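Colleague: Starting off with a structure, shown below.
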Amino acid sequence: MKTLAAKIDSSTPAHRDRAIDGLRALALLAVPTGHWLLGGFTLSSDGAIHNASPLGTFAGLAPVSWVLQMLGIFFLVGGYASVLSYRRRKGSTRAWLGGRLARLGRPVLGVTAVWAALLPVLHFGLGVPVDTLRTASTLVIQPLWFVGVYTVVTALTPLCVRAARRLGVWAAAPLLGSVAVVDFLRYGPYADAVPSWLSLLNILPGWLFAYQLGVSWGEGRVNRRHAWALLLGGAALFAALLLAFGYPASMVGVPGEARTNSHPPSLLVLALAAAQSGAAILLRDRLGRFLKRPALWAPVVVVNLSAMTILCWHQTAMLTAAIPASYAGEVAGLVGAPDSVGWILARLAWMPVFAGLLVLIGRYARVFESPWAKTGPARRTLAGLLAAGFAVFALGLA
């Protein structure tokens with residue numbers, strides 16, 4: 001392992017920004033960690049599993065979601081990295097965007113097509129209940145909304161670059177203001193008169209906020225003074241929204257709660273993203289020096305090379321353990337109501353199992369991240385049809 005780490009370190013280009021890769025890896029690993037820790041299953045009388053969350057019983061665990069909700073960091077470094085890539089492009093902007101979007105789309109198409117092929121096998125061949133398959137499909141497709149949003153903000157990179165060059169760090173301010181206005185309308189004194197679809201207006205500006213900060217950072221328009229303002233201002237706004245304006249404490253949805261912060265993003269999400277972004281910018285140089293150690297840098301490289309595989313397949317890893325276990329009845333920390341301290345301790349013990357299953361699955365699934373040079377039009381069409389069918393089933397349209 002030491003030799004491999006040294007080889008990875010020596011083959012890393014000198015211009016590689018290790019801090020940015022480290023931040024991306026940290027934010028990426030927070031996704032499966034959060035889903036595995038805060039997602040559970042109950043078992044119905046017919047043997048089917050259904051989604052549940054320990055946050056429904058242990059509201060005090062909400063601060064855990066503040067730490068594990070790192071999508072603000074992910075969008076920040078995504079914007080930063082996109083600027084660097086955009087500058088180095090050798091072809092047209094259209095060709096650059098096409099390459100970036102293809103890298104995002106292939107793994108999504110792969111996981112959904114594979115699951116579409118698995119559904120009839122699991123149900124008709126192995127007798128897995130339909131409700132279990134719906135639960136599984138919901139979990140598999142749940143993280144993929146992020147890819148859709150990230151695709152849109154990536155396509156907006158040229159516009160974000162222009163805004164950053166003109167307005168600097170302030171280019172993100174209108175996005176924050178837009179979310180604040182929508183939140184005031186849907187949660188303020190006129191909430192009863194506001195249609196429910198209005199919240200959808202927060203999706204694009206809510207996630208573009210941190211991406212625009214990253215673009216401005218990549219353009220050299222964010223300094224340490226700005227970073228401190230983001231950190232302290234974001235933290236102050238976060239505290240005010242929680243203590244004075246009654247925002248839900250959890251950064252993820254909790255079953256039974258009328259309001260959620262993340263779907264679509266509320267102003268609390270942007271406050272957290274601002275604070276995280278400020279901290280990331282301030283710690284960048286220190287993190288870069290820290291990751292000059294080969295033993296620390298090598299895992300960061302591995303995680304980044306498998307980014308989309310981790311994102312797309314981590315729920316499958318958990319389901320690979322939970323679905324067979326459901327045939328044995330309730331299994332502590334895996335299948336059974338997540339309403340006790342014992343469940344939490346047992347779930348922590350299951351985490352290495354999920355990680356091992358993800359590594360095993362990723363060994364074969366990483367092929368979807370590579371260019372499909374040998375995949376003809378017929379196979380691509382079939383994969384597209386399977387993916388579309390899976391989406392229809394997962395969204396409850398069939």
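Letters for chains follow the order of the structure tokens (A, B, ...), residue numbers begin at 1 for each chain, and ligand numbers begin at 1 in the order shown.
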Which neighbours of stretch 362-367 of chain A fall inside 9 Å, counting only C-alpha atoms, when residues of the same chain fewer than 4 positions from it are skipped, and could you give them as a list in words?
Modeller: Pro107, Gly110, Val111, Ser306, Met308, Thr309, Ile310, Trp313, Leu357, Leu358, Pro371 and Trp372 of chain A
Colleague: Would you export the selected residues with C-alpha atoms as a PDB file, in the first residue's frame, please?
Modeller:
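Saved to selection.pdb:
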```
ATOM      1  CA  PRO A 107     -23.125   6.400 -14.743  1.00  0.00           C
ATOM      2  CA  GLY A 110     -25.883   2.633 -16.186  1.00  0.00           C
ATOM      3  CA  VAL A 111     -27.326   2.285 -12.676  1.00  0.00           C
ATOM      4  CA  SER A 306     -14.859   6.792  -8.488  1.00  0.00           C
ATOM      5  CA  MET A 308     -20.049   9.008  -9.824  1.00  0.00           C
ATOM      6  CA  THR A 309     -19.858   5.308  -8.957  1.00  0.00           C
ATOM      7  CA  ILE A 310     -20.031   6.143  -5.243  1.00  0.00           C
ATOM      8  CA  TRP A 313     -24.396   2.910  -6.279  1.00  0.00           C
ATOM      9  CA  LEU A 357     -20.318  -4.004  -0.579  1.00  0.00           C
ATOM     10  CA  LEU A 358     -19.923  -0.643  -2.326  1.00  0.00           C
ATOM     11  CA  PRO A 371     -16.426   6.455 -22.395  1.00  0.00           C
ATOM     12  CA  TRP A 372     -18.758   4.010 -24.133  1.00  0.00           C
TER      13      TRP A 372
END
```
Colleague: For the contact check between stretch 57-96 of chain A and stretch 161-166 of chain A, emit one row per residue of stretch 57-96 of chain A within 12 Å, containing the shortest atom pair and the distance in Å rounded to one decimal, counting only C-alpha atoms, chain then rising number order, as JSON lines.
Modeller:
```
{"residue": "A:Gly79", "atom": "CA", "partner": "A:Val161", "partner_atom": "CA", "distance": 9.4}
{"residue": "A:Tyr80", "atom": "CA", "partner": "A:Val161", "partner_atom": "CA", "distance": 10.2}
{"residue": "A:Ser82", "atom": "CA", "partner": "A:Val161", "partner_atom": "CA", "distance": 9.6}
{"residue": "A:Val83", "atom": "CA", "partner": "A:Val161", "partner_atom": "CA", "distance": 7.3}
{"residue": "A:Leu84", "atom": "CA", "partner": "A:Val161", "partner_atom": "CA", "distance": 10.8}
{"residue": "A:Ser85", "atom": "CA", "partner": "A:Val161", "partner_atom": "CA", "distance": 12.0}
{"residue": "A:Tyr86", "atom": "CA", "partner": "A:Val161", "partner_atom": "CA", "distance": 9.3}
{"residue": "A:Arg87", "atom": "CA", "partner": "A:Val161", "partner_atom": "CA", "distance": 10.2}
```
Colleague: Give one line per residue of stretch 144-233 of chain A that approaches stretch 8-24 of chain A to at most 12 Å, naming the two atoms of the closest pair and their distance in Å to one decimal, counting only C-alpha atoms; sort by chain then ascending residue number and deliver it as JSON lines.
Modeller:
```
{"residue": "A:Gly214", "atom": "CA", "partner": "A:Ile20", "partner_atom": "CA", "distance": 10.5}
{"residue": "A:Trp217", "atom": "CA", "partner": "A:Ile20", "partner_atom": "CA", "distance": 11.4}
{"residue": "A:Gly218", "atom": "CA", "partner": "A:Ile20", "partner_atom": "CA", "distance": 10.6}
```
Colleague: A:Ser45: which residues within 12 Å, counting only C-alpha atoms, same-chain residues fewer than 6 positions away excluded, as a PyMOL selection string?
Modeller: chain A and resi 129+131+326-327+329-330+336
Colleague: Would you export the selected residues with C-alpha atoms as a short mmCIF file (atom, residue, chain, number, x, y, z; two decimals), in the first residue's frame, please?
Modeller:
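To be explicit, this is the file written out as again14.cif:
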```cif
data_model
loop_
_atom_site.label_atom_id
_atom_site.label_comp_id
_atom_site.auth_asym_id
_atom_site.auth_seq_id
_atom_site.Cartn_x
_atom_site.Cartn_y
_atom_site.Cartn_z
CA PRO A 129 -42.38 -8.03 -2.76
CA ASP A 131 -43.37 -2.73 -2.10
CA SER A 326 -35.65 -8.98 5.41
CA TYR A 327 -36.37 -12.68 4.83
CA GLY A 329 -37.32 -10.87 9.93
CA GLU A 330 -36.10 -7.87 11.87
CA GLY A 336 -36.52 -2.85 11.97
#
```
Colleague: Which neighbours of A:Ala387 fall inside 8 Å, counting only C-alpha atoms, when residues of the same chain fewer than 4 positions from it are skipped, and could you give them as a short mmCIF file (atom, residue, chain, number, x, y, z; two decimals) with N, CA, C and O atoms, in the first residue's frame?
Modeller:
```cif
data_model
loop_
_atom_site.label_atom_id
_atom_site.label_comp_id
_atom_site.auth_asym_id
_atom_site.auth_seq_id
_atom_site.Cartn_x
_atom_site.Cartn_y
_atom_site.Cartn_z
N LEU A 109 -27.21 6.58 -16.36
CA LEU A 109 -27.86 5.67 -17.30
C LEU A 109 -27.53 4.22 -16.96
O LEU A 109 -28.39 3.34 -17.02
N GLY A 110 -26.30 3.99 -16.53
CA GLY A 110 -25.88 2.63 -16.19
C GLY A 110 -26.63 2.07 -14.99
O GLY A 110 -27.18 0.96 -15.06
N THR A 112 -29.47 3.00 -13.56
CA THR A 112 -30.92 2.87 -13.76
C THR A 112 -31.25 1.73 -14.74
O THR A 112 -32.25 1.03 -14.55
N ALA A 113 -30.41 1.55 -15.75
CA ALA A 113 -30.65 0.45 -16.69
C ALA A 113 -30.45 -0.90 -16.00
O ALA A 113 -31.23 -1.84 -16.21
N ALA A 116 -33.39 -1.58 -13.78
CA ALA A 116 -34.58 -1.92 -14.58
C ALA A 116 -34.55 -3.39 -14.98
O ALA A 116 -35.58 -4.07 -14.98
N ALA A 383 -30.32 0.80 -23.31
CA ALA A 383 -30.02 1.33 -21.98
C ALA A 383 -30.91 2.51 -21.65
O ALA A 383 -31.42 2.64 -20.53
N ALA A 391 -37.22 4.77 -14.18
CA ALA A 391 -37.64 6.07 -13.62
C ALA A 391 -39.14 6.12 -13.43
O ALA A 391 -39.65 6.63 -12.43
#
```
Colleague: Within 6 Å of A:Thr42, counting only C-alpha atoms, which residues show up once you throw out same-chain ones fewer than 6 positions away? Write them as JSON, numbers by chain, please.
Modeller: {"A": [49, 50, 335, 336, 337]}
Colleague: I want to know what sits within 8 Å of stretch 59-67 of chain A, based on only C-alpha atoms, with residues of the same chain fewer than 5 positions away left out; could you give that as a PyMOL selection string?
Modeller: chain A and resi 34+249-252+272
Colleague: For the residues in that selection, give me C-alpha atoms as a tab-separated table (two decimals), in the first residue's frame.
Modeller:
```
chain	number	residue	atom	x	y	z
A	34	GLY	CA	-25.42	10.44	5.69
A	249	ALA	CA	-33.39	21.68	12.41
A	250	SER	CA	-32.70	18.69	10.15
A	251	MET	CA	-31.03	19.29	6.79
A	252	VAL	CA	-32.70	16.16	5.41
A	272	LEU	CA	-25.02	26.46	5.77
```
Colleague: Counting only C-alpha atoms, what is within 9 Å of stretch 186-199 of chain A, bar same-chain residues fewer than 5 positions away, as a list in words?
Modeller: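 The residues satisfying every condition are Val181, His263, Pro264, Pro265 and Ser266 of chain A.
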Colleague: I need the chosen residues saved as a short mmCIF file (atom, residue, chain, number, x, y, z; two decimals), in the first residue's frame, with all heavy atoms.
Modeller:
```cif
data_model
loop_
_atom_site.label_atom_id
_atom_site.label_comp_id
_atom_site.auth_asym_id
_atom_site.auth_seq_id
_atom_site.Cartn_x
_atom_site.Cartn_y
_atom_site.Cartn_z
N VAL A 181 -36.76 35.44 -0.85
CA VAL A 181 -38.10 35.93 -1.23
C VAL A 181 -39.09 34.78 -1.31
O VAL A 181 -40.21 34.85 -0.80
CB VAL A 181 -38.03 36.68 -2.58
CG1 VAL A 181 -39.43 36.95 -3.12
CG2 VAL A 181 -37.27 37.99 -2.41
N HIS A 263 -35.46 19.76 -0.11
CA HIS A 263 -36.20 19.42 -1.34
C HIS A 263 -37.49 20.21 -1.44
O HIS A 263 -38.53 19.74 -1.01
CB HIS A 263 -36.51 17.91 -1.38
CG HIS A 263 -35.30 17.04 -1.27
ND1 HIS A 263 -34.32 16.97 -2.22
CD2 HIS A 263 -34.89 16.19 -0.28
CE1 HIS A 263 -33.38 16.13 -1.85
NE2 HIS A 263 -33.71 15.64 -0.67
N PRO A 264 -37.44 21.41 -2.02
CA PRO A 264 -36.28 22.12 -2.57
C PRO A 264 -35.50 22.82 -1.48
O PRO A 264 -35.96 22.91 -0.33
CB PRO A 264 -36.92 23.12 -3.53
CG PRO A 264 -38.24 23.41 -2.90
CD PRO A 264 -38.70 22.13 -2.27
N PRO A 265 -34.30 23.34 -1.79
CA PRO A 265 -33.47 23.96 -0.76
C PRO A 265 -34.12 25.21 -0.18
O PRO A 265 -34.67 26.04 -0.90
CB PRO A 265 -32.18 24.30 -1.50
CG PRO A 265 -32.56 24.37 -2.94
CD PRO A 265 -33.64 23.35 -3.11
N SER A 266 -34.04 25.33 1.13
CA SER A 266 -34.54 26.52 1.81
C SER A 266 -33.38 27.47 2.07
O SER A 266 -32.21 27.16 1.80
CB SER A 266 -35.20 26.14 3.15
OG SER A 266 -34.21 25.71 4.07
#
```
Colleague: Can you list, as a VMD selection string, every residue of stretch 216-253 of chain A that DSSP puts in alpha helix (DSSP H)?
Modeller: chain A and resid 216 to 218 224 to 243
Colleague: Create the file for the chosen residues now, containing N, CA and C atoms and written as a PDB file, in the first residue's frame.
Modeller:
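As a result, again_14.pdb now contains:
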```pdb
ATOM      1  N   SER A 216     -16.584  32.209  -8.856  1.00  0.00           N
ATOM      2  CA  SER A 216     -15.945  33.470  -8.469  1.00  0.00           C
ATOM      3  C   SER A 216     -14.598  33.213  -7.796  1.00  0.00           C
ATOM      4  N   TRP A 217     -14.546  32.170  -6.980  1.00  0.00           N
ATOM      5  CA  TRP A 217     -13.292  31.771  -6.328  1.00  0.00           C
ATOM      6  C   TRP A 217     -12.254  31.377  -7.375  1.00  0.00           C
ATOM      7  N   GLY A 218     -12.675  30.573  -8.339  1.00  0.00           N
ATOM      8  CA  GLY A 218     -11.769  30.146  -9.398  1.00  0.00           C
ATOM      9  C   GLY A 218     -11.278  31.306 -10.257  1.00  0.00           C
ATOM     10  N   ARG A 224      -9.650  36.296   1.427  1.00  0.00           N
ATOM     11  CA  ARG A 224      -9.853  35.821   2.796  1.00  0.00           C
ATOM     12  C   ARG A 224     -10.873  36.680   3.543  1.00  0.00           C
ATOM     13  N   ARG A 225     -10.914  37.962   3.233  1.00  0.00           N
ATOM     14  CA  ARG A 225     -11.919  38.819   3.877  1.00  0.00           C
ATOM     15  C   ARG A 225     -13.325  38.381   3.484  1.00  0.00           C
ATOM     16  N   HIS A 226     -13.496  38.066   2.202  1.00  0.00           N
ATOM     17  CA  HIS A 226     -14.794  37.554   1.743  1.00  0.00           C
ATOM     18  C   HIS A 226     -15.105  36.220   2.424  1.00  0.00           C
ATOM     19  N   ALA A 227     -14.078  35.374   2.558  1.00  0.00           N
ATOM     20  CA  ALA A 227     -14.288  34.052   3.162  1.00  0.00           C
ATOM     21  C   ALA A 227     -14.747  34.179   4.611  1.00  0.00           C
ATOM     22  N   TRP A 228     -14.125  35.094   5.346  1.00  0.00           N
ATOM     23  CA  TRP A 228     -14.559  35.308   6.730  1.00  0.00           C
ATOM     24  C   TRP A 228     -15.998  35.819   6.784  1.00  0.00           C
ATOM     25  N   ALA A 229     -16.352  36.697   5.841  1.00  0.00           N
ATOM     26  CA  ALA A 229     -17.725  37.213   5.800  1.00  0.00           C
ATOM     27  C   ALA A 229     -18.719  36.093   5.510  1.00  0.00           C
ATOM     28  N   LEU A 230     -18.340  35.182   4.606  1.00  0.00           N
ATOM     29  CA  LEU A 230     -19.209  34.047   4.303  1.00  0.00           C
ATOM     30  C   LEU A 230     -19.367  33.136   5.522  1.00  0.00           C
ATOM     31  N   LEU A 231     -18.267  32.854   6.181  1.00  0.00           N
ATOM     32  CA  LEU A 231     -18.300  31.960   7.339  1.00  0.00           C
ATOM     33  C   LEU A 231     -19.141  32.547   8.470  1.00  0.00           C
ATOM     34  N   LEU A 232     -18.840  33.777   8.854  1.00  0.00           N
ATOM     35  CA  LEU A 232     -19.537  34.384   9.992  1.00  0.00           C
ATOM     36  C   LEU A 232     -20.963  34.780   9.632  1.00  0.00           C
ATOM     37  N   GLY A 233     -21.155  35.325   8.439  1.00  0.00           N
ATOM     38  CA  GLY A 233     -22.499  35.715   8.015  1.00  0.00           C
ATOM     39  C   GLY A 233     -23.401  34.514   7.833  1.00  0.00           C
ATOM     40  N   GLY A 234     -22.863  33.443   7.233  1.00  0.00           N
ATOM     41  CA  GLY A 234     -23.648  32.227   7.054  1.00  0.00           C
ATOM     42  C   GLY A 234     -24.029  31.604   8.375  1.00  0.00           C
ATOM     43  N   ALA A 235     -23.071  31.571   9.317  1.00  0.00           N
ATOM     44  CA  ALA A 235     -23.361  30.999  10.633  1.00  0.00           C
ATOM     45  C   ALA A 235     -24.413  31.816  11.379  1.00  0.00           C
ATOM     46  N   ALA A 236     -24.320  33.148  11.279  1.00  0.00           N
ATOM     47  CA  ALA A 236     -25.291  34.006  11.957  1.00  0.00           C
ATOM     48  C   ALA A 236     -26.679  33.832  11.357  1.00  0.00           C
ATOM     49  N   LEU A 237     -26.762  33.779  10.033  1.00  0.00           N
ATOM     50  CA  LEU A 237     -28.050  33.586   9.380  1.00  0.00           C
ATOM     51  C   LEU A 237     -28.627  32.219   9.720  1.00  0.00           C
ATOM     52  N   PHE A 238     -27.781  31.201   9.754  1.00  0.00           N
ATOM     53  CA  PHE A 238     -28.210  29.843  10.103  1.00  0.00           C
ATOM     54  C   PHE A 238     -28.841  29.830  11.496  1.00  0.00           C
ATOM     55  N   ALA A 239     -28.158  30.457  12.462  1.00  0.00           N
ATOM     56  CA  ALA A 239     -28.666  30.495  13.843  1.00  0.00           C
ATOM     57  C   ALA A 239     -29.980  31.264  13.918  1.00  0.00           C
ATOM     58  N   ALA A 240     -30.076  32.378  13.201  1.00  0.00           N
ATOM     59  CA  ALA A 240     -31.299  33.187  13.233  1.00  0.00           C
ATOM     60  C   ALA A 240     -32.481  32.428  12.657  1.00  0.00           C
ATOM     61  N   LEU A 241     -32.263  31.728  11.550  1.00  0.00           N
ATOM     62  CA  LEU A 241     -33.356  30.983  10.919  1.00  0.00           C
ATOM     63  C   LEU A 241     -33.858  29.863  11.824  1.00  0.00           C
ATOM     64  N   LEU A 242     -32.934  29.219  12.540  1.00  0.00           N
ATOM     65  CA  LEU A 242     -33.324  28.138  13.446  1.00  0.00           C
ATOM     66  C   LEU A 242     -34.037  28.669  14.690  1.00  0.00           C
ATOM     67  N   LEU A 243     -33.463  29.683  15.304  1.00  0.00           N
ATOM     68  CA  LEU A 243     -33.942  30.142  16.610  1.00  0.00           C
ATOM     69  C   LEU A 243     -35.097  31.122  16.532  1.00  0.00           C
TER      70      LEU A 243
END
```
